[in-house]
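Shown next, in structure tokens, is the structure this report addresses.
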Amino acid sequence: MTAHFGKRLRKGAATTAVAAAAVAALSASQAPAATGDHRTLPAGRTVPEGSDASTGRSATGDSPYYTDLPPLSSPLPSPSQSPSIGTPVSVGAAEAGIPATVLDAYKKAEAELADSKPGCNLPWQLLAAIGKVESGQARGGQVDANGTTTSKILGPALDGNGFALIRDTDNGKYDGNSEYDQAVGPMQFIPSTWAWAGRDGNGDGVKDPNNVYDAALAAGHYLCRNNWNLSTDAGLRSAILSYNNSTDYLNTVLSWLEFYRKGTHSVPDGTGSLPSNRSDDGSGTGSTPSESPSTPSTPATPSTPAKPTTPATPSTPSTPTPTPTPTDTVAKLADAGTAKLTATAGDAFTKKISTRAQDSAGKGVAKVRIRFTIVGTTDATFAGGEQVALVSTNASGVAVAPALQAGETTGDFTVRATLLGRVITALDYTASVTPRVADTLVRTSTTALTCTPGGEFADQVEVKATNGGAVAGKVAATATLIKAADDATENDKGPYFKDADGKTVRTLTGLATDADGLLKLPKLYADDTTGTFLLRITTTGGATLTVELTVAAATDTSSPSPSPSPSTSADPSTSASPSA
């Protein structure tokens, strides 16, 4: 750390004895707590045993990082925020601002983690501190409108030559290096870590380490694993050390964390300052060589009022006026012409939800993100099978949710639109899933259905359902043995079905046609009652079919025996005796 402070002094941040004393105090206060056994790593790094680094699993692979420290004065002091960790340091004219899109990404990641992992207590200022140290806030905000860096930010090849040895794990997909891994993007993830930690932070369906929204959200989830509570000293230090296992790195990040807690503001993308010094004394990560220490960087900030870089007197520096992010200007979410949301079970909704983010004057706000969440008892999803979708508003302030896909559960459910990164009233939409229907039922066979008393019917009843002439698959149906054509009451005699326990059942519910519209009923049995009986099958949508069943005694088809002819039988008592 001594070398780092020397660089800060050479850059002109402090040249008086008072400044030197403040630097000494800062250095002393940033010594990490002594916890557990440590092992010595190259460049004076110490790592707690059992940490991710001891298994080579830090987020960055312990790649180099920027070592510049914050200035010693704050333009936006915040008395309500008492520092809890690190030394109170603050914002100078150049370093104070964070590029608008980068700042928006940090705040949106904080909001998402507040919902998904509230026990982590992730502050966006920690992401800003890591982003500053890892890439100088994406090279001073060199990102496009979607938050993707205009060129790749790559760390050096981790070939074991002064760095960790990590052979290629991604076939060069992210870093373009098929021999060794390199840290990638504004938060400097190594490919093997990004493979499981990567997130889609801007809702475009891609997990891109070069996108500041994706990288910030991934960093947030990475820091919040292991049930760490970042509002505690132990949790915060463990999380930072897991990102890059160096006590110097820990102290540098803590300095910037408290610096940003004191106050910051957004500056236009591309106008942020780029740090000059790196932990390996090399050039800026993936960028042009750093400036000479004797020549401080002066970024162009055309939309920010000029501020003195170094106050001529000990008086409080001028306070820059914070530039609100687009999210800060949203006052209301309004419907943008969403039509009635109705679909048949299993079908896609033909209409999409459109929500407009508006400022207090009713003007649409572009480049803010809307979260659409399906709530209620339903198995409906957005296209792709997700029940949550993140969509950025367009130039008119409108976000269009992905198409909804109905499941098998019928009834109403709610889709809730909320603004990401700021708490305002949510907007709810009602969507309805209606049952599949059929308007026609016919038997697939014309064979008469007959049975003898106490026997079973030889043929099972099979029907086909159609709707508007098309096959009606997965349509709910009911089958009942009724008393008469004009009396749909369940019959208490005659044919019957059997349940799983072999008991008599004369009504079957919960039936459904298959994908081809076919429904085959279980076997039918007959009691001892003879006669003609009726089976009625009905479906949702009104299709009805009545099937006739006959129970009759078997007909004897054998030839009858001839009756004997009448004749006079000999009666021994009256017959003539033979003559003597």
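By order of appearance in the structure tokens: chains A, B, ..., then residues from 1 within every chain, and ligands from 1 in the order shown.
The residue set within 12 Å of Asn177 (chain A), counting only C-alpha atoms and dropping same-chain residues fewer than 5 places from it, reads A:Leu154, A:Gly155, A:Pro156, A:Ala157, A:Leu158, A:Asp159, A:Ile166, A:Arg167, A:Asp168, A:Thr169, A:Asp170, A:Asn171, A:Gly172, A:Gln182, A:Ala183, A:Val184, A:Ile190, A:Pro191.
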Practice prompt. Excluding region 212-216 of chain A and any residue of its chain fewer than 2 positions from it, enumerate the residues within 10 Å of it, using only C-alpha atoms, and give them as a PyMOL selection string.
Written response: chain A and resi 101-110+124+127-128+130-131+137-138+141+143-144+146-149+184-189+194+197-204+206-210+218-222
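Nearest residue to Val547 (chain A) among A:Leu449, A:Gly468, A:Gln358, A:Ala403 is A:Leu449, counting only C-alpha atoms.
Of the listed residues A:Phe457, A:Phe382, A:Tyr243, A:Tyr174, the one whose atoms come nearest to Lys152 (chain A) is A:Tyr174, with distances taken using only C-alpha atoms.
For region 293-515 of chain A, backbone-based DSSP labels the following residues as alpha helix (DSSP H): A:Pro326, A:Thr327, A:Asp328, A:Thr329.
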Worksheet item: Can you list, as number ranges by chain, every residue of region 168-271 of chain A that DSSP puts in strand (DSSP E or B)?
Response: A: 180, 184, 189, 211, 265-267
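Restricting the calculation to only C-alpha atoms, the smallest distance between Leu427 (chain A) and any of A:Tyr65, A:Phe372, A:Tyr496, A:Phe413 is found for A:Phe372.
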Response to the item:
Here CA of Thr414 (chain A) and CA of Thr430 (chain A) stand apart by 4.8 Å
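Taking only C-alpha atoms, the non-local environment of Gly376 (chain A) within 12 Å (same-chain residues fewer than 6 positions away omitted) comprises Gln387, Thr409, Thr410, Gly411, Asp412, Phe413, Thr414, Val415, Arg416, Asp428, Tyr429, Thr430, Ala431 and Ser432 of chain A.
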Response to the item:
note - CA of Ala476 (chain A) and CA of Asp347 (chain A) are separated by 15.7 Å
Worksheet entry | Option closest in space to Leu69 (chain A), from A:Val442, A:Val551, A:Ala417, A:Leu257 [counting only C-alpha atoms] | A:Leu257
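In terms of minimum interatomic distance to Gly542 (chain A), A:Ala438 ranks closest within A:Val423, A:Ala334, A:Ala389, A:Ala438, counting only C-alpha atoms.
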Worksheet item: Between A:Leu126, A:Ala515, A:Leu534, A:Leu419, which has the minimum distance to Glu258 (chain A) (counting only C-alpha atoms)?
Response: A:Leu126
Worksheet item: What lies within 6 Å of Thr344 (chain A) using only C-alpha atoms, ignoring chain neighbours under 6 positions off, as a VMD selection string?
Response: chain A and resid 433 to 436
Can you write out the residues you just picked, keeping all heavy atoms, as a CSV table (one decimal), in the first residue's frame?
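In the end it all went to out.csv:
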chain,number,residue,atom,x,y,z
A,433,VAL,N,-57.2,-17.4,-18.8
A,433,VAL,CA,-57.1,-18.6,-19.6
A,433,VAL,C,-58.4,-19.4,-19.6
A,433,VAL,O,-58.9,-19.7,-18.5
A,433,VAL,CB,-55.9,-19.5,-19.0
A,433,VAL,CG1,-55.8,-20.8,-19.8
A,433,VAL,CG2,-54.6,-18.8,-18.9
A,434,THR,N,-58.9,-19.6,-20.8
A,434,THR,CA,-60.2,-20.3,-20.9
A,434,THR,C,-60.0,-21.7,-21.3
A,434,THR,O,-59.0,-22.1,-21.9
A,434,THR,CB,-61.1,-19.6,-22.0
A,434,THR,OG1,-60.4,-19.6,-23.2
A,434,THR,CG2,-61.4,-18.2,-21.6
A,435,PRO,N,-61.0,-22.6,-20.9
A,435,PRO,CA,-60.8,-24.1,-21.2
A,435,PRO,C,-60.9,-24.3,-22.7
A,435,PRO,O,-61.5,-23.6,-23.5
A,435,PRO,CB,-62.0,-24.7,-20.5
A,435,PRO,CG,-62.5,-23.7,-19.6
A,435,PRO,CD,-62.2,-22.4,-20.1
A,436,ARG,N,-60.2,-25.4,-23.2
A,436,ARG,CA,-60.4,-25.8,-24.5
A,436,ARG,C,-61.9,-26.3,-24.7
A,436,ARG,O,-62.5,-26.9,-23.8
A,436,ARG,CB,-59.5,-27.0,-24.9
A,436,ARG,CG,-58.0,-26.6,-24.8
A,436,ARG,CD,-57.2,-27.8,-25.2
A,436,ARG,NE,-55.7,-27.6,-25.3
A,436,ARG,CZ,-54.9,-27.6,-24.2
A,436,ARG,NH1,-55.4,-27.9,-23.0
A,436,ARG,NH2,-53.6,-27.3,-24.4
